[in-house]
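Here's start39.cif, which has mmCIF, C-alpha atoms and all ligand atoms:
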```cif
data_model
#
loop_
_atom_site.label_atom_id
_atom_site.label_comp_id
_atom_site.auth_asym_id
_atom_site.auth_seq_id
_atom_site.Cartn_x
_atom_site.Cartn_y
_atom_site.Cartn_z
CA MET G 1 115.26 182.64 -34.87
CA PRO G 2 115.03 179.02 -33.63
CA ASP G 3 114.26 178.50 -29.95
CA VAL G 4 116.68 175.56 -29.99
CA VAL G 5 119.51 174.53 -32.30
CA VAL G 6 120.25 170.79 -32.05
CA ILE G 7 123.80 169.89 -33.07
CA GLY G 8 124.09 166.36 -34.44
CA GLY G 9 121.82 164.19 -36.57
CA GLY G 10 122.42 160.84 -34.86
CA VAL G 11 119.79 158.93 -32.94
CA VAL G 12 120.00 161.38 -30.02
CA GLY G 13 119.80 164.62 -32.03
CA THR G 14 117.00 163.44 -34.32
CA MET G 15 114.91 162.06 -31.45
CA ALA G 16 115.40 165.31 -29.53
CA ALA G 17 114.44 167.44 -32.54
CA TRP G 18 111.24 165.38 -32.82
CA GLN G 19 110.42 165.78 -29.13
CA LEU G 20 111.13 169.52 -29.13
CA ALA G 21 109.21 170.25 -32.32
CA GLU G 22 106.26 168.17 -31.16
CA ALA G 23 106.20 170.24 -27.95
CA GLY G 24 105.85 173.39 -30.06
CA ALA G 25 109.43 174.71 -30.00
CA GLU G 26 111.04 176.24 -33.09
CA VAL G 27 113.89 173.83 -33.80
CA ALA G 28 116.77 173.71 -36.25
CA LEU G 29 118.78 170.47 -36.42
CA LEU G 30 122.26 170.84 -37.89
CA GLU G 31 124.21 167.77 -39.04
CA ARG G 32 127.64 168.15 -40.60
CA GLY G 33 127.30 165.08 -42.84
CA ALA G 34 124.38 162.88 -43.76
CA LEU G 35 121.80 162.00 -41.10
CA ALA G 36 123.09 159.21 -38.81
CA SER G 37 126.53 159.34 -40.41
CA GLY G 38 128.28 159.12 -37.00
CA ALA G 39 128.04 156.15 -34.64
CA THR G 40 124.33 155.65 -35.22
CA SER G 41 124.43 154.09 -38.69
CA LYS G 42 127.66 152.24 -37.84
CA SER G 43 126.07 150.49 -34.87
CA GLN G 44 124.60 147.03 -34.52
CA GLY G 45 121.26 148.65 -33.79
CA LEU G 46 120.34 146.43 -30.87
CA VAL G 47 117.98 147.60 -28.16
CA LEU G 48 119.29 145.21 -25.51
CA PRO G 49 118.70 145.50 -21.76
CA PRO G 50 121.22 148.06 -20.45
CA ASP G 51 124.34 147.34 -18.41
CA HIS G 52 123.58 149.92 -15.71
CA ALA G 53 120.45 150.14 -13.53
CA GLU G 54 120.43 153.95 -13.96
CA LEU G 55 119.79 153.46 -17.67
CA VAL G 56 116.67 151.30 -17.29
CA PRO G 57 114.18 154.25 -17.39
CA LEU G 58 115.89 155.67 -20.52
CA TRP G 59 115.82 152.23 -22.16
CA ARG G 60 112.14 151.63 -21.40
CA GLU G 61 111.22 155.09 -22.70
CA SER G 62 113.27 154.50 -25.85
CA ILE G 63 111.33 151.32 -26.62
CA ALA G 64 108.06 153.23 -26.13
CA MET G 65 109.21 156.05 -28.43
CA TYR G 66 110.45 153.72 -31.17
CA ALA G 67 107.15 151.84 -30.96
CA ARG G 68 105.27 155.13 -31.33
CA LEU G 69 107.26 156.05 -34.45
CA HIS G 70 106.76 152.56 -35.84
CA ASP G 71 103.02 152.64 -35.17
CA ALA G 72 102.77 156.00 -36.94
CA GLY G 73 103.96 154.27 -40.11
CA ALA G 74 107.70 155.03 -40.08
CA GLU G 75 109.61 152.44 -42.08
CA PHE G 76 112.44 151.00 -40.03
CA CYS G 77 113.05 147.47 -38.81
CA PHE G 78 111.95 147.05 -35.22
CA ASP G 79 110.88 144.00 -33.25
CA ARG G 80 107.75 145.81 -32.21
CA GLU G 81 105.62 142.99 -30.82
CA ALA G 82 108.03 140.17 -30.17
CA PRO G 83 111.55 140.83 -28.86
CA ILE G 84 114.08 138.24 -30.06
CA GLY G 85 115.62 138.21 -26.58
CA THR G 86 119.18 138.47 -25.35
CA LEU G 87 121.63 135.75 -24.41
CA LEU G 88 124.38 137.16 -22.21
CA LEU G 89 127.03 134.53 -22.70
CA ALA G 90 129.67 133.36 -20.25
CA ARG G 91 132.24 131.58 -22.40
CA HIS G 92 134.25 130.46 -19.38
CA GLU G 93 133.89 130.37 -15.59
CA GLY G 94 135.59 133.75 -15.18
CA GLN G 95 132.74 135.45 -17.08
CA LEU G 96 129.94 133.96 -14.95
CA SER G 97 130.24 136.63 -12.26
CA GLY G 98 129.53 139.28 -14.91
CA LEU G 99 126.01 137.88 -15.31
CA ALA G 100 125.00 138.18 -11.68
CA GLY G 101 124.79 141.98 -11.61
CA ALA G 102 122.66 142.43 -14.75
CA PRO G 103 119.98 145.05 -13.95
CA VAL G 104 117.26 143.27 -15.93
CA ALA G 105 116.19 139.84 -14.70
CA GLY G 106 116.50 136.70 -16.76
CA GLU G 107 116.93 132.95 -16.55
CA MET G 108 120.35 131.69 -15.51
CA LEU G 109 121.53 128.86 -17.77
CA ASP G 110 124.28 126.31 -17.32
CA GLY G 111 126.33 125.07 -20.27
CA ALA G 112 123.62 122.60 -21.33
CA GLY G 113 121.02 125.34 -21.11
CA VAL G 114 123.09 127.58 -23.37
CA ALA G 115 123.48 124.75 -25.90
CA ALA G 116 119.70 124.23 -25.91
CA ALA G 117 119.00 127.94 -26.26
CA GLU G 118 121.55 128.53 -29.05
CA PRO G 119 122.41 125.27 -30.78
CA ALA G 120 124.80 127.02 -33.19
CA LEU G 121 127.27 127.78 -30.39
CA VAL G 122 130.14 125.35 -29.82
CA ASP G 123 129.78 123.07 -26.82
CA GLY G 124 131.52 123.91 -23.59
CA MET G 125 130.14 127.34 -22.74
CA ALA G 126 130.14 127.99 -19.00
CA GLY G 127 126.64 129.46 -18.83
CA GLY G 128 124.46 132.37 -19.74
CA LEU G 129 121.66 134.70 -18.76
CA LEU G 130 118.66 134.53 -21.05
CA ILE G 131 116.59 137.74 -20.97
CA GLU G 132 113.25 138.06 -22.74
CA GLU G 133 113.96 141.62 -23.86
CA GLY G 134 116.26 142.41 -26.79
CA ARG G 135 115.09 144.04 -30.04
CA ARG G 136 116.66 144.71 -33.41
CA THR G 137 116.49 148.00 -35.31
CA ASP G 138 118.13 149.35 -38.42
CA PRO G 139 119.51 152.42 -36.70
CA GLY G 140 120.11 154.62 -39.74
CA ALA G 141 116.48 154.27 -40.76
CA LEU G 142 115.39 154.82 -37.14
CA ALA G 143 117.19 158.18 -37.05
CA ALA G 144 115.81 159.08 -40.48
CA ALA G 145 112.30 158.30 -39.19
CA ALA G 146 112.81 160.55 -36.17
CA ALA G 147 114.12 163.35 -38.42
CA GLU G 148 111.08 162.98 -40.67
CA ALA G 149 108.75 163.13 -37.67
CA ALA G 150 110.63 166.21 -36.47
CA ALA G 151 110.27 167.89 -39.86
CA GLU G 152 106.56 167.05 -39.96
CA ALA G 153 106.22 168.72 -36.55
CA GLY G 154 107.91 171.85 -37.95
CA ALA G 155 111.65 171.33 -37.33
CA ASP G 156 114.14 172.64 -39.86
CA VAL G 157 116.40 169.62 -40.49
CA ARG G 158 119.62 170.60 -42.26
CA THR G 159 122.39 168.24 -43.34
CA ARG G 160 125.92 169.18 -44.49
CA VAL G 161 126.04 172.08 -42.06
CA GLU G 162 128.86 171.92 -39.56
CA VAL G 163 128.86 173.88 -36.33
CA LYS G 164 132.35 175.33 -35.97
CA ARG G 165 131.86 176.92 -32.58
CA LEU G 166 129.31 177.57 -29.86
CA GLY G 167 128.97 181.36 -29.81
CA ALA G 168 127.54 183.74 -27.22
CA ALA G 169 123.98 183.88 -28.57
CA ALA G 170 124.37 181.86 -31.74
CA VAL G 171 126.15 178.89 -33.29
CA VAL G 172 128.86 179.58 -35.86
CA THR G 173 128.35 177.38 -38.94
CA ASP G 174 129.29 176.87 -42.58
CA GLU G 175 126.22 178.95 -43.40
CA GLY G 176 127.17 181.78 -41.05
CA ARG G 177 126.06 182.53 -37.51
CA ILE G 178 122.68 181.13 -36.56
CA PRO G 179 121.24 183.07 -33.59
CA CYS G 180 119.21 180.89 -31.26
CA GLY G 181 117.75 180.82 -27.79
CA GLN G 182 119.24 177.53 -26.60
CA VAL G 183 121.55 174.83 -27.92
CA LEU G 184 121.45 171.06 -27.53
CA VAL G 185 124.84 169.48 -28.12
CA ALA G 186 124.19 165.93 -29.36
CA ALA G 187 127.40 165.51 -31.33
CA GLY G 188 128.35 162.07 -29.99
CA ALA G 189 132.09 161.42 -30.06
CA TRP G 190 132.68 164.95 -31.40
CA THR G 191 131.06 166.69 -28.44
CA ARG G 192 134.20 167.30 -26.40
CA ARG G 193 135.80 169.87 -28.70
CA LEU G 194 132.57 171.86 -28.97
CA GLY G 195 132.42 172.13 -25.19
CA HIS G 196 135.83 173.76 -25.00
CA ALA G 197 134.41 177.07 -26.28
CA LEU G 198 132.30 177.13 -23.10
CA GLY G 199 135.26 176.32 -20.89
CA VAL G 200 133.91 172.79 -20.33
CA ASP G 201 135.97 169.63 -20.84
CA LEU G 202 133.57 166.68 -20.97
CA PRO G 203 135.64 163.51 -20.91
CA ILE G 204 133.95 161.79 -23.86
CA ARG G 205 136.44 159.52 -25.63
CA PRO G 206 135.93 157.89 -29.02
CA VAL G 207 136.09 154.10 -28.81
CA ARG G 208 136.30 152.28 -32.12
CA GLY G 209 134.16 149.28 -32.99
CA TRP G 210 134.13 147.05 -36.06
CA LEU G 211 131.25 145.10 -37.59
CA ALA G 212 131.06 142.60 -40.43
CA LEU G 213 127.81 141.93 -42.31
CA LEU G 214 127.19 138.42 -43.63
CA ALA G 215 125.01 137.63 -46.66
CA PRO G 216 121.44 136.42 -46.05
CA GLY G 217 121.34 132.75 -45.11
CA PRO G 218 119.13 130.21 -43.37
CA PRO G 219 118.19 130.85 -39.73
CA ILE G 220 121.10 130.01 -37.43
CA LEU G 221 120.84 132.36 -34.42
CA ARG G 222 117.77 132.67 -32.21
CA HIS G 223 118.74 135.61 -29.95
CA ALA G 224 121.02 138.60 -29.84
CA ILE G 225 124.12 137.09 -28.25
CA HIS G 226 126.55 139.18 -26.24
CA GLU G 227 129.50 137.86 -24.32
CA ALA G 228 129.44 138.89 -20.66
CA ALA G 229 132.78 140.74 -20.77
CA TYR G 230 135.30 142.18 -23.19
CA GLU G 231 138.73 140.57 -22.99
CA PRO G 232 141.48 141.17 -22.22
CA THR G 233 140.06 142.51 -18.95
CA PRO G 234 139.93 145.04 -17.56
CA ASP G 235 138.73 146.42 -20.86
CA PRO G 236 141.39 149.08 -21.37
CA THR G 237 139.67 151.25 -23.89
CA PRO G 238 137.20 153.66 -22.33
CA ALA G 239 139.17 154.04 -19.16
CA ARG G 240 142.64 154.53 -20.55
CA PRO G 241 143.21 157.85 -22.28
CA VAL G 242 145.91 158.10 -24.93
CA SER G 243 148.78 160.15 -23.55
CA LEU G 244 151.20 162.07 -25.72
CA GLU G 245 153.91 159.81 -24.39
CA ARG G 246 152.01 156.71 -25.49
CA LEU G 247 151.46 158.22 -28.94
CA ALA G 248 155.18 158.97 -29.20
CA LEU G 249 155.99 155.27 -28.77
CA GLY G 250 154.90 154.78 -32.38
CA THR G 251 152.91 151.53 -32.40
CA LEU G 252 149.66 153.34 -31.71
CA ALA G 253 150.20 155.85 -34.52
CA ARG G 254 151.18 153.07 -36.92
CA ASN G 255 148.70 150.33 -36.00
CA GLY G 256 146.02 151.91 -33.83
CA ALA G 257 145.36 150.87 -30.24
CA ASP G 258 145.00 147.24 -29.19
CA ALA G 259 141.41 146.09 -29.06
CA ALA G 260 139.40 144.17 -26.48
CA HIS G 261 136.85 141.69 -27.80
CA ALA G 262 133.50 140.14 -26.87
CA LEU G 263 131.29 138.15 -29.20
CA GLY G 264 128.35 140.38 -30.13
CA ILE G 265 126.25 138.84 -32.86
CA HIS G 266 122.71 138.58 -34.14
CA GLN G 267 120.76 137.55 -37.20
CA ASN G 268 118.37 140.00 -38.81
CA ALA G 269 114.91 139.08 -40.05
CA ASP G 270 116.27 139.21 -43.63
CA GLY G 271 118.78 136.43 -42.83
CA THR G 272 121.84 138.68 -42.70
CA VAL G 273 124.11 138.38 -39.67
CA LEU G 274 126.00 141.21 -37.96
CA VAL G 275 129.27 140.14 -36.34
CA GLY G 276 131.12 142.15 -33.67
CA ALA G 277 132.39 143.32 -31.28
CA SER G 278 135.62 145.12 -30.50
CA ARG G 279 136.65 148.17 -28.53
CA SER G 280 139.80 150.21 -29.03
CA ALA G 281 140.76 153.78 -28.25
CA ALA G 282 140.56 155.92 -31.40
CA LEU G 283 142.46 159.02 -32.35
CA HIS G 284 140.93 159.77 -35.72
CA GLU G 285 137.96 158.80 -37.84
CA GLY G 286 139.71 156.78 -40.54
CA PRO G 287 140.20 153.08 -39.86
CA GLU G 288 143.46 152.88 -37.92
CA SER G 289 143.93 149.13 -38.24
CA ALA G 290 141.57 146.38 -39.35
CA ASP G 291 143.18 143.86 -37.03
CA ALA G 292 140.23 144.12 -34.64
CA LEU G 293 137.93 143.15 -37.53
CA ARG G 294 140.10 140.11 -38.20
CA ALA G 295 140.00 139.16 -34.51
CA ASN G 296 136.20 139.58 -34.38
CA ALA G 297 135.93 137.18 -37.33
CA ALA G 298 138.27 134.65 -35.71
CA HIS G 299 136.33 134.77 -32.43
CA ALA G 300 132.99 134.27 -34.20
CA CYS G 301 134.34 131.35 -36.28
CA GLU G 302 135.60 129.68 -33.12
CA LEU G 303 132.33 130.06 -31.21
CA ILE G 304 129.87 129.62 -34.11
CA PRO G 305 131.61 127.38 -36.65
CA GLY G 306 128.48 127.14 -38.79
CA LEU G 307 128.99 130.77 -39.86
CA ALA G 308 132.56 130.34 -41.07
CA GLY G 309 131.66 129.72 -44.72
CA ARG G 310 129.16 132.58 -45.05
CA GLU G 311 130.06 135.47 -47.35
CA VAL G 312 131.12 138.79 -45.81
CA THR G 313 129.33 141.45 -47.85
CA ALA G 314 130.51 144.54 -45.95
CA ALA G 315 132.56 145.63 -42.98
CA TRP G 316 132.81 149.00 -41.31
CA THR G 317 134.09 150.82 -38.28
CA GLY G 318 132.53 153.52 -36.11
CA LEU G 319 133.32 155.61 -33.05
CA ARG G 320 131.33 155.11 -29.87
CA PRO G 321 131.17 158.17 -27.59
CA PHE G 322 132.37 156.80 -24.23
CA SER G 323 132.02 158.64 -20.95
CA GLU G 324 134.28 157.72 -18.04
CA ASP G 325 131.67 155.76 -16.08
CA GLY G 326 129.46 154.27 -18.77
CA LEU G 327 126.57 156.71 -18.23
CA PRO G 328 125.76 159.52 -20.66
CA TYR G 329 126.13 163.22 -19.86
CA ILE G 330 122.65 164.77 -19.93
CA GLY G 331 122.21 168.19 -18.40
CA ARG G 332 123.01 171.87 -18.50
CA LEU G 333 126.47 173.17 -19.34
CA ASP G 334 125.31 176.77 -18.90
CA GLU G 335 122.04 178.73 -18.96
CA ARG G 336 121.62 178.30 -22.73
CA THR G 337 123.36 175.00 -23.45
CA VAL G 338 122.29 171.43 -22.70
CA VAL G 339 124.41 168.40 -23.56
CA CYS G 340 123.17 164.89 -24.36
CA ALA G 341 126.13 162.74 -25.34
CA GLY G 342 128.49 160.02 -24.16
CA HIS G 343 126.23 157.00 -24.62
CA GLY G 344 129.06 154.57 -25.34
CA SER G 345 127.77 151.20 -26.56
CA GLU G 346 124.21 151.93 -25.47
CA GLY G 347 123.09 154.94 -27.48
CA ILE G 348 120.51 153.13 -29.59
CA LEU G 349 118.96 151.43 -26.61
CA THR G 350 118.82 154.65 -24.58
CA GLY G 351 118.80 157.30 -27.35
CA GLY G 352 115.08 158.02 -27.38
CA GLY G 353 114.71 158.32 -23.61
CA SER G 354 117.88 160.42 -23.36
CA ALA G 355 116.55 162.77 -26.02
CA ARG G 356 113.25 163.10 -24.18
CA LEU G 357 115.05 163.93 -20.94
CA ALA G 358 117.27 166.54 -22.64
CA SER G 359 114.23 168.05 -24.34
CA GLU G 360 112.42 168.36 -21.00
CA LEU G 361 115.44 170.16 -19.53
CA LEU G 362 115.48 172.58 -22.47
CA LEU G 363 111.74 173.20 -22.24
CA GLY G 364 111.83 173.68 -18.47
CA ARG G 365 109.43 170.79 -17.96
CA ALA G 366 109.46 168.24 -15.16
CA PRO G 367 111.78 165.43 -16.25
CA PHE G 368 110.18 162.00 -16.69
CA THR G 369 113.07 160.45 -14.77
CA ASP G 370 115.65 161.76 -12.31
CA PRO G 371 118.55 163.24 -14.29
CA ALA G 372 120.99 163.28 -11.34
CA ALA G 373 123.00 160.22 -12.45
CA PHE G 374 123.69 161.90 -15.80
CA ASP G 375 124.94 165.22 -14.40
CA PRO G 376 127.58 166.48 -16.87
CA THR G 377 129.65 168.03 -14.07
CA ARG G 378 130.39 164.66 -12.44
CA ARG G 379 133.94 163.32 -12.80
CA ARG G 380 135.53 160.03 -11.90
CA ALA G 381 137.25 160.30 -8.54
C1 LIG C 401 130.28 149.14 -34.03
C2 LIG C 401 129.26 149.75 -33.13
C3 LIG C 401 128.19 148.97 -32.67
C4 LIG C 401 127.24 149.52 -31.81
N1 LIG C 401 126.17 148.77 -31.45
C5 LIG C 401 125.22 149.31 -30.64
C6 LIG C 401 124.05 148.57 -30.31
O1 LIG C 401 123.84 147.44 -30.78
N2 LIG C 401 123.15 149.13 -29.46
C7 LIG C 401 123.33 150.39 -28.93
O2 LIG C 401 122.50 150.83 -28.13
N3 LIG C 401 124.41 151.13 -29.29
C8 LIG C 401 125.35 150.63 -30.13
N4 LIG C 401 126.42 151.37 -30.49
C9 LIG C 401 126.57 152.70 -29.91
C10 LIG C 401 125.66 153.70 -30.60
O3 LIG C 401 125.85 153.64 -31.99
C11 LIG C 401 125.97 155.11 -30.09
O4 LIG C 401 125.95 155.15 -28.68
C12 LIG C 401 124.91 156.10 -30.60
O5 LIG C 401 124.76 155.98 -31.99
C13 LIG C 401 125.28 157.52 -30.22
O6 LIG C 401 124.35 158.36 -30.85
P1 LIG C 401 124.61 159.92 -30.93
O7 LIG C 401 123.46 160.51 -31.64
O8 LIG C 401 124.97 160.42 -29.57
O9 LIG C 401 125.96 160.05 -31.77
P2 LIG C 401 126.22 159.94 -33.33
O10 LIG C 401 125.36 158.93 -33.98
O11 LIG C 401 127.69 159.79 -33.51
O12 LIG C 401 125.72 161.34 -33.86
C14 LIG C 401 126.46 162.52 -33.65
C15 LIG C 401 126.32 163.31 -34.93
O13 LIG C 401 126.85 164.60 -34.72
C16 LIG C 401 127.41 165.03 -35.94
N5 LIG C 401 128.32 166.12 -35.62
C17 LIG C 401 129.47 166.03 -34.91
N6 LIG C 401 130.04 167.24 -34.79
C18 LIG C 401 129.21 168.12 -35.43
C19 LIG C 401 129.28 169.51 -35.67
N7 LIG C 401 130.29 170.25 -35.20
N8 LIG C 401 128.29 170.10 -36.39
C20 LIG C 401 127.24 169.35 -36.87
N9 LIG C 401 127.15 168.01 -36.69
C21 LIG C 401 128.12 167.41 -35.97
C22 LIG C 401 128.09 163.77 -36.47
O14 LIG C 401 128.34 163.84 -37.85
C23 LIG C 401 127.10 162.70 -36.07
O15 LIG C 401 126.21 162.37 -37.13
C24 LIG C 401 127.36 150.87 -31.40
C25 LIG C 401 128.40 151.65 -31.90
C26 LIG C 401 129.33 151.11 -32.76
C27 LIG C 401 130.42 151.98 -33.31
#
```

Give the structure from this file in structure tokens form.
Ligand SMILES: Cc1cc2nc3c(=O)[nH]c(=O)nc-3n(C[C@H](O)[C@H](O)[C@H](O)COP(=O)(O)OP(=O)(O)OC[C@H]3O[C@@H](n4cnc5c(N)ncnc54)[C@H](O)[C@@H]3O)c2cc1C
Amino acid sequence: MPDVVVIGGGVVGTMAAWQLAEAGAEVALLERGALASGATSKSQGLVLPPDHAELVPLWRESIAMYARLHDAGAEFCFDREAPIGTLLLARHEGQLSGLAGAPVAGEMLDGAGVAAAEPALVDGMAGGLLIEEGRRTDPGALAAAAAEAAAEAGADVRTRVEVKRLGAAAVVTDEGRIPCGQVLVAAGAWTRRLGHALGVDLPIRPVRGWLALLAPGPPILRHAIHEAAYEPTPDPTPARPVSLERLALGTLARNGADAAHALGIHQNADGTVLVGASRSAALHEGPESADALRANAAHACELIPGLAGREVTAAWTGLRPFSEDGLPYIGRLDERTVVCAGHGSEGILTGGGSARLASELLLGRAPFTDPAAFDPTRRRA
């Protein structure tokens, strides 16, 4: 009987399985699809400085863990030695205030400074914050590497096994009941329904994002660029639940929810470029409307005209697991269940550290950082 069943094979579940198995626990990881088939492989894979000061310890630990995997020979792209850096971009004056509160220090740039830092951007940007940190990963391969490390440390990693319900002393799955000592719920945007069996309603809402991948081309971007704010503001998506009444109006069911946009773009070492970003409330996994993808493309063409002629080789959509306040839920739901989910747009950059913290809670060890800010019982006032 496993000591711990980990539900979910995204970056969080695989990293946790690795940590737990390495600490000597008997671990079974259950993933309903392929490894990383949720938000993880759909993400842009950037390990940028986080938006919230509370996340800084999780982010720093994640970088250390990814470096450790990389150094052990795991094959995933990672800017191990030299971060490409992050340009937080203020397109207009109204976005400048969004740069002031960034929890990781950087160099404030005016419009001319932005033009010098990223010559591919159109002239006329209001300013930016240039931060030395900012690393690229290929997140599917990162999760696969963590799963491999977990298996090497003795974990039983199973794909195509769905957990249907959290039972009293077991999890109920496609393969029957699996008795276990403890459970780690790391099911990303699908966590909320699993919690209901425990009488817990964790307000994790799926927020859709779209990305387009451009064919390899000559170097054009120097940093990971992220616009300081999504617009229209306030970003309606994580904060505004879909009510039955709103669904009944019809436009949402027909077209999906309206999206907010912020340029989020970077060039990979292989010359490909990933173009985002959008946020819209999601009701189901299938693509509800590709209009947000169109708007992402229009925004990128306007701000980086030199990319307009490049071939789009793929586009996809994924569901980010958003909490109400932008911080993940990491902590105990009851004496045998720990949750680690709700990482929103920051699950790659905090996934490793979050997994370590959840593993320490499961193992009864002193946590490497204070988990209070991530208490799963907190609710927005
Ligand atoms: C377009 C886009 C761009 C993004 N860009 C970035 C970025 O650049 N940097 C960053 O830090 N973050 C980014 N994110 C966010 C990041 O991808 C997520 O925060 C992160 O992947 C969450 O990881 P997770 O392991 O919690 O969830 P997931 O990766 O979604 O994993 C959860 C897993 O649980 C499985 N599962 C669900 N229910 C069950 C069940 N009942 N039984 C078994 N398995 C189950 C799912 O199949 C899934 O594989 C982006 C997200 C999107 C969509």

Open item on the list: What does the list of residues within 7 Å of ligand LIG 401 (chain C) look like if you count all atoms listed in the file, written as a count of residues only?
Closed with: 58

Find the residues of stretch 226-267 of chain G that sit at most 10 Å from stretch 128-151 of chain G; for each, write down the nearest two atoms and how far apart they are in Å, to one decimal. Count only C-alpha atoms. Sort by chain, then by number going up, and give it as JSON lines.
```
{"residue": "G:His226", "atom": "CA", "partner": "G:Gly128", "partner_atom": "CA", "distance": 9.6}
{"residue": "G:Glu227", "atom": "CA", "partner": "G:Gly128", "partner_atom": "CA", "distance": 8.7}
{"residue": "G:Ala228", "atom": "CA", "partner": "G:Gly128", "partner_atom": "CA", "distance": 8.3}
{"residue": "G:His266", "atom": "CA", "partner": "G:Arg136", "partner_atom": "CA", "distance": 8.6}
{"residue": "G:Gln267", "atom": "CA", "partner": "G:Arg136", "partner_atom": "CA", "distance": 9.1}
```

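When atom CA of G:Val183 is paired with atom CA of G:Gly154, their separation reads 17.2 Å.
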
TODO: Have a look at atom CA of G:Ala168 and atom CA of G:Gly195 and let me know their distance in Å, one decimal.
DONE: 12.8 Å

Task: Which of G:His52, G:Arg158, G:Arg177, G:Arg378 sits closest to G:Met1 [using all atoms listed in the file] - done: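 Ranked by minimum distance to G:Met1, first place goes to G:Arg177.
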
Output stretch 91-102 of chain G as an mmCIF file, in the frame of the given file, making sure N, CA and C atoms are there.
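Saved file rebuild.cif follows:
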```
data_model
loop_
_atom_site.group_PDB
_atom_site.id
_atom_site.type_symbol
_atom_site.label_atom_id
_atom_site.label_comp_id
_atom_site.auth_asym_id
_atom_site.auth_seq_id
_atom_site.Cartn_x
_atom_site.Cartn_y
_atom_site.Cartn_z
ATOM 1 N N ARG G 91 131.472 132.575 -21.625
ATOM 2 C CA ARG G 91 132.240 131.580 -22.400
ATOM 3 C C ARG G 91 133.031 130.678 -21.466
ATOM 4 N N HIS G 92 133.489 131.240 -20.349
ATOM 5 C CA HIS G 92 134.250 130.460 -19.380
ATOM 6 C C HIS G 92 133.835 130.894 -17.970
ATOM 7 N N GLU G 93 134.307 130.136 -16.988
ATOM 8 C CA GLU G 93 133.890 130.370 -15.590
ATOM 9 C C GLU G 93 134.116 131.821 -15.162
ATOM 10 N N GLY G 94 135.233 132.395 -15.594
ATOM 11 C CA GLY G 94 135.590 133.750 -15.180
ATOM 12 C C GLY G 94 134.556 134.790 -15.603
ATOM 13 N N GLN G 95 133.743 134.479 -16.616
ATOM 14 C CA GLN G 95 132.740 135.450 -17.080
ATOM 15 C C GLN G 95 131.396 135.285 -16.380
ATOM 16 N N LEU G 96 131.250 134.206 -15.580
ATOM 17 C CA LEU G 96 129.940 133.960 -14.950
ATOM 18 C C LEU G 96 129.559 135.076 -13.988
ATOM 19 N N SER G 97 130.557 135.605 -13.258
ATOM 20 C CA SER G 97 130.240 136.630 -12.260
ATOM 21 C C SER G 97 129.669 137.882 -12.921
ATOM 22 N N GLY G 98 130.031 138.110 -14.180
ATOM 23 C CA GLY G 98 129.530 139.280 -14.910
ATOM 24 C C GLY G 98 128.028 139.219 -15.157
ATOM 25 N N LEU G 99 127.450 138.025 -15.038
ATOM 26 C CA LEU G 99 126.010 137.880 -15.310
ATOM 27 C C LEU G 99 125.168 138.230 -14.088
ATOM 28 N N ALA G 100 125.768 138.059 -12.917
ATOM 29 C CA ALA G 100 125.000 138.180 -11.680
ATOM 30 C C ALA G 100 124.450 139.598 -11.486
ATOM 31 N N GLY G 101 125.208 140.605 -11.892
ATOM 32 C CA GLY G 101 124.790 141.980 -11.610
ATOM 33 C C GLY G 101 123.926 142.611 -12.678
ATOM 34 N N ALA G 102 123.456 141.830 -13.656
ATOM 35 C CA ALA G 102 122.660 142.430 -14.750
ATOM 36 C C ALA G 102 121.410 143.088 -14.172
#
```
